[in-house]
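Trainee: So that we are looking at the same thing, I have put the structure below in structure tokens.
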Amino acid sequence: MQLVFSDAQYWEDFLPLTFTRPVAAMRCGILTFSERWQKILENTEVSYFTETYLQDKFNAPEEKESLFLVPNFLPTETVIQQIKELKQGEALVYEDELVAAKINMKGFSLHQIEKMTDIKEDLIFFKKPADLFTYNHHAINFDFDLMTQGKTSQELSSTNGFLGDKKDLFIEEGASIEFSTINTKTGKIYIGKNTEIMEGCHLRGPIALCDESKFNLGAKIYGATTVGPHCKVGGEVNNIIIFGYSSKGHEGFVGNSVIGEWCNFGADSNSSNMKNNYAHVKFWNYRTKAFEDTGLQFAGLIMGDHSKTAINTQLNTGTVVGVASNIFKPGFPPNLVENFSWGGLKDDERFRLDKVYEVAERAMARRKVALTEQDKAILKHIFDTY
């Protein structure tokens with residue numbers, strides 16, 4: 001059965017992270033929302049009901065019987081069972097919002113639904129970028145059980161110091177960890193395949209280090225932190241999510257933040273995660289075109305794909321950086337750095353699109369990934385439209 005992930009009303013609320021991907025392709029915990037549901041439902045036939053300009057890269061639904069799913073929540077065992085037992089024309093609703101339905105995508109219409117059932121349990125729902133790091137500890141715990149069930153962890157090398165219960169540490173094959181400290185008393189720690197934790201690192205869970213990524217020498221990692229695949233992280237981080245293929249390899253602090261793919265932080269770049277007056281932090285909302293209160297005292301940075309900072313860049317609390325922005329001008333950049341900014345300050349010139357492609361091709365080639373024509377078309381649409 002085809003699994004159709006719907007952006008519902010959330011795509012715009014997750015900008016700039018969703019300029020380049022559907023909601024289901026965002027990472028939180030160990031997995032993306034799409035990967036998580038594929039594991040839960042044991043289904044590999046996946047499509048996305050998303051923005052038109054993203055559909056060439058992210059498969060559009062075929063016109064056939066499907067499980068239509070809003071993916072950005074963590075289900076309970078009861079809800080998973082309810083979803084599995086849905087019959088054609090039935091749907092599940094949570095807080096007056098449809099979250100799952102068994103329907104035919106031919107002539108797609110929610111009028112096909114004949115029976116709606118309310119979900120009575122409380123669910124952890126991710127509705128805006130700050131929710132990703134705020135609830136990341138729940139997602140790591142959920143995915144840890146999902147990823148490790150029935151498997152055996154590699155042994156932790158005796159050169160390391162360890163605090164906690166070994167059942168809360170899982171090390172996949174090919175991982176290398178030497179002369180570091182690992183603390184699971186504060187949360188579970190998942191170490192993915194072919195990862196490296198260099199000497200002198202300090203990990204305090206919950207943490208997910210995904211496949212092919214590494215913590216550089218002496219890194220200090222506080223949970224709840226997720227580092228997606230093919231990343232390098234050094235310095236100090238606290239409660240951040242990096243989707244994948246990005247580098248924060250040097251000294252400097254980033255906390256309570258979400259970073260997209262193909263981003264790079266210059267040496268000694270820092271992002272503040274708390275205001276001097278201890279007030280709630282505001283993030284820019286692309287839907288309302290205004291800064292909105294997160295209700296959080298700790299909130300740092302939201303950064304879209306392909307964006308970069310120069311050495312010694314200082315980012316204020318509650319900064320939102322768009323897609324393919326280059327921040328290198330002296331002084332603090334504004335709390336909203338526009339897509340394709342060349343410099344980072346308001347009214348700076350735009351990064352030329354041909355140069356965006358050129359830099360992206362070079363950066364991606366280092367990870368043996370090609371910049372496709374689909375990727376270029378997505379970047380061009382963002383450049384022309386936003």
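Chains: A, B, ... in order of the structure tokens. Residues: from 1 per chain. Ligands: from 1, in order shown.
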May I have the residues within 6 Å of Asn264 in chain A as a ChimeraX atom specification, using only C-alpha atoms and disregarding those fewer than 2 positions away in the same chain?

Mentor: /A:246-247,308

Trainee: Please, which residues in range 9-41 of chain A fall within 7 Å of range 131-143 of chain A when counting only C-alpha atoms, and what is the closest atom pair and distance in Å to one decimal for each, ordered by chain then residue number, as a tab-separated table?

Mentor:
```
residue	atom	partner	partner_atom	distance
A:Cys28	CA	A:Leu132	CA	6.1
A:Gly29	CA	A:Ile140	CA	4.0
A:Ile30	CA	A:Ile140	CA	5.8
A:Leu31	CA	A:Asp143	CA	7.0
```

Trainee: Need the shell around Pro75 in chain A: protein/DNA/RNA residues with any atom at most 10 Å away, counting only C-alpha atoms. Skip same-chain ones fewer than 6 positions apart. Format as JSON, numbers by chain?

Mentor: {"A": [37, 40, 81, 83, 121, 122, 123, 124, 125, 142]}

Trainee: Once you have the residues from the selection above, write them out as a tab-separated table (two decimals), in the first residue's frame, restricted to all heavy atoms.

Mentor:
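File produced: out_25.tsv:
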```
chain	number	residue	atom	x	y	z
A	37	TRP	N	8.20	6.57	10.00
A	37	TRP	CA	6.92	5.93	9.68
A	37	TRP	C	7.11	4.70	8.79
A	37	TRP	O	6.36	3.72	8.89
A	37	TRP	CB	5.97	6.93	9.02
A	37	TRP	CG	5.32	7.82	10.03
A	37	TRP	CD1	5.60	9.14	10.28
A	37	TRP	CD2	4.31	7.45	10.97
A	37	TRP	NE1	4.81	9.62	11.31
A	37	TRP	CE2	4.02	8.60	11.75
A	37	TRP	CE3	3.62	6.27	11.22
A	37	TRP	CZ2	3.06	8.58	12.75
A	37	TRP	CZ3	2.67	6.26	12.22
A	37	TRP	CH2	2.39	7.40	12.97
A	40	ILE	N	7.93	2.04	11.27
A	40	ILE	CA	6.77	1.68	12.09
A	40	ILE	C	5.80	0.82	11.30
A	40	ILE	O	5.30	-0.20	11.79
A	40	ILE	CB	6.06	2.96	12.60
A	40	ILE	CG1	6.93	3.70	13.63
A	40	ILE	CG2	4.71	2.61	13.21
A	40	ILE	CD1	6.41	5.08	13.98
A	81	GLN	N	-1.59	1.08	16.21
A	81	GLN	CA	-2.52	-0.01	15.92
A	81	GLN	C	-3.77	0.51	15.23
A	81	GLN	O	-4.29	-0.11	14.30
A	81	GLN	CB	-2.90	-0.73	17.22
A	81	GLN	CG	-3.54	-2.09	17.02
A	81	GLN	CD	-2.67	-3.07	16.24
A	81	GLN	OE1	-1.44	-3.10	16.39
A	81	GLN	NE2	-3.29	-3.86	15.39
A	83	ILE	N	-3.96	3.09	13.26
A	83	ILE	CA	-3.60	3.40	11.88
A	83	ILE	C	-3.54	2.13	11.05
A	83	ILE	O	-4.05	2.07	9.92
A	83	ILE	CB	-2.24	4.16	11.84
A	83	ILE	CG1	-2.40	5.57	12.42
A	83	ILE	CG2	-1.71	4.23	10.41
A	83	ILE	CD1	-1.11	6.32	12.60
A	121	GLU	N	-5.64	9.98	23.15
A	121	GLU	CA	-4.39	10.14	23.88
A	121	GLU	C	-3.69	11.43	23.51
A	121	GLU	O	-3.89	11.98	22.42
A	121	GLU	CB	-3.47	8.95	23.58
A	121	GLU	CG	-4.02	7.61	23.99
A	121	GLU	CD	-3.12	6.49	23.52
A	121	GLU	OE1	-3.16	6.16	22.33
A	121	GLU	OE2	-2.36	5.97	24.36
A	122	ASP	N	-2.86	11.93	24.42
A	122	ASP	CA	-2.02	13.09	24.12
A	122	ASP	C	-0.85	12.66	23.24
A	122	ASP	O	-0.18	11.67	23.52
A	122	ASP	CB	-1.49	13.72	25.42
A	122	ASP	CG	-2.58	14.40	26.23
A	122	ASP	OD1	-3.57	14.85	25.61
A	122	ASP	OD2	-2.44	14.48	27.47
A	123	LEU	N	-0.61	13.41	22.18
A	123	LEU	CA	0.49	13.13	21.26
A	123	LEU	C	1.49	14.27	21.28
A	123	LEU	O	1.13	15.43	21.53
A	123	LEU	CB	-0.03	12.95	19.84
A	123	LEU	CG	-1.03	11.82	19.60
A	123	LEU	CD1	-1.49	11.83	18.15
A	123	LEU	CD2	-0.43	10.46	19.95
A	124	ILE	N	2.75	13.94	21.00
A	124	ILE	CA	3.77	14.98	20.81
A	124	ILE	C	3.74	15.35	19.34
A	124	ILE	O	4.11	14.56	18.46
A	124	ILE	CB	5.16	14.48	21.23
A	124	ILE	CG1	5.17	14.22	22.73
A	124	ILE	CG2	6.23	15.50	20.86
A	124	ILE	CD1	6.43	13.54	23.23
A	125	PHE	N	3.27	16.58	19.05
A	125	PHE	CA	3.12	17.07	17.69
A	125	PHE	C	4.14	18.17	17.44
A	125	PHE	O	4.32	19.06	18.26
A	125	PHE	CB	1.70	17.62	17.47
A	125	PHE	CG	1.03	17.08	16.25
A	125	PHE	CD1	0.09	16.07	16.33
A	125	PHE	CD2	1.34	17.59	15.00
A	125	PHE	CE1	-0.53	15.56	15.21
A	125	PHE	CE2	0.73	17.10	13.86
A	125	PHE	CZ	-0.22	16.08	13.97
A	142	PHE	N	12.18	7.56	21.37
A	142	PHE	CA	11.29	6.77	20.52
A	142	PHE	C	12.10	6.01	19.47
A	142	PHE	O	11.93	4.79	19.28
A	142	PHE	CB	10.28	7.70	19.84
A	142	PHE	CG	9.20	6.99	19.06
A	142	PHE	CD1	7.95	6.80	19.61
A	142	PHE	CD2	9.44	6.53	17.77
A	142	PHE	CE1	6.95	6.15	18.90
A	142	PHE	CE2	8.45	5.87	17.06
A	142	PHE	CZ	7.20	5.68	17.63
```

Trainee: List the spatial neighbours of Pro229 in chain A as a VMD selection string - criterion: any atom at most 7 Å away, only C-alpha atoms, same-chain residues fewer than 2 positions off excluded.

Mentor: chain A and resid 210 to 213 227 231 244 to 245

Trainee: Pull all heavy atoms from the residues just selected and write them as a short mmCIF file (atom, residue, chain, number, x, y, z; two decimals), in the first residue's frame.

Mentor:
```cif
data_model
loop_
_atom_site.label_atom_id
_atom_site.label_comp_id
_atom_site.auth_asym_id
_atom_site.auth_seq_id
_atom_site.Cartn_x
_atom_site.Cartn_y
_atom_site.Cartn_z
N CYS A 210 24.41 10.15 13.71
CA CYS A 210 23.94 9.29 12.62
C CYS A 210 25.07 8.84 11.71
O CYS A 210 26.19 9.33 11.81
CB CYS A 210 22.84 10.01 11.84
SG CYS A 210 21.39 10.39 12.84
N ASP A 211 24.77 7.92 10.82
CA ASP A 211 25.76 7.22 10.02
C ASP A 211 26.76 8.17 9.34
O ASP A 211 26.37 9.22 8.80
CB ASP A 211 25.07 6.39 8.93
CG ASP A 211 24.20 5.29 9.51
OD1 ASP A 211 24.19 5.11 10.74
OD2 ASP A 211 23.51 4.61 8.71
N GLU A 212 28.04 7.74 9.36
CA GLU A 212 29.13 8.40 8.64
C GLU A 212 29.48 9.78 9.18
O GLU A 212 30.22 10.53 8.54
CB GLU A 212 28.80 8.52 7.14
CG GLU A 212 28.37 7.24 6.45
CD GLU A 212 29.53 6.27 6.22
OE1 GLU A 212 30.68 6.71 6.30
OE2 GLU A 212 29.26 5.09 5.98
N SER A 213 29.00 10.14 10.38
CA SER A 213 29.31 11.45 10.95
C SER A 213 30.40 11.33 12.01
O SER A 213 30.75 10.23 12.43
CB SER A 213 28.06 12.09 11.57
OG SER A 213 27.19 12.54 10.56
N VAL A 227 22.82 14.73 15.38
CA VAL A 227 23.70 15.08 14.26
C VAL A 227 23.41 14.08 13.15
O VAL A 227 23.67 12.88 13.29
CB VAL A 227 25.18 15.02 14.69
CG1 VAL A 227 26.08 15.27 13.48
CG2 VAL A 227 25.45 16.05 15.78
N CYS A 231 28.09 14.38 8.77
CA CYS A 231 28.36 15.68 9.39
C CYS A 231 29.67 15.64 10.17
O CYS A 231 30.15 14.59 10.57
CB CYS A 231 27.24 16.09 10.35
SG CYS A 231 25.66 16.43 9.56
N GLY A 244 21.75 16.93 8.25
CA GLY A 244 22.73 16.07 7.61
C GLY A 244 23.65 16.86 6.70
O GLY A 244 23.36 18.01 6.34
N TYR A 245 24.82 16.27 6.35
CA TYR A 245 25.73 16.82 5.35
C TYR A 245 26.18 18.25 5.67
O TYR A 245 26.42 19.04 4.75
CB TYR A 245 25.08 16.78 3.96
CG TYR A 245 24.79 15.39 3.46
CD1 TYR A 245 23.53 14.82 3.65
CD2 TYR A 245 25.77 14.64 2.82
CE1 TYR A 245 23.26 13.53 3.21
CE2 TYR A 245 25.50 13.35 2.37
CZ TYR A 245 24.25 12.80 2.56
OH TYR A 245 23.98 11.53 2.13
#
```

Trainee: Hey, can you check how far CA of Ile113 in chain A sits from CA of Leu67 in chain A?

Mentor: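 Between CA of Ile113 in chain A and CA of Leu67 in chain A the gap works out to 12.1 Å.
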
Trainee: Looking at only C-alpha atoms, which of A:Gly343, A:Gly260, A:Pro71, A:Pro129 is the one that sits closest to Val99 in chain A?

Mentor: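 Of all the options, A:Pro71 lies closest to Val99 in chain A.
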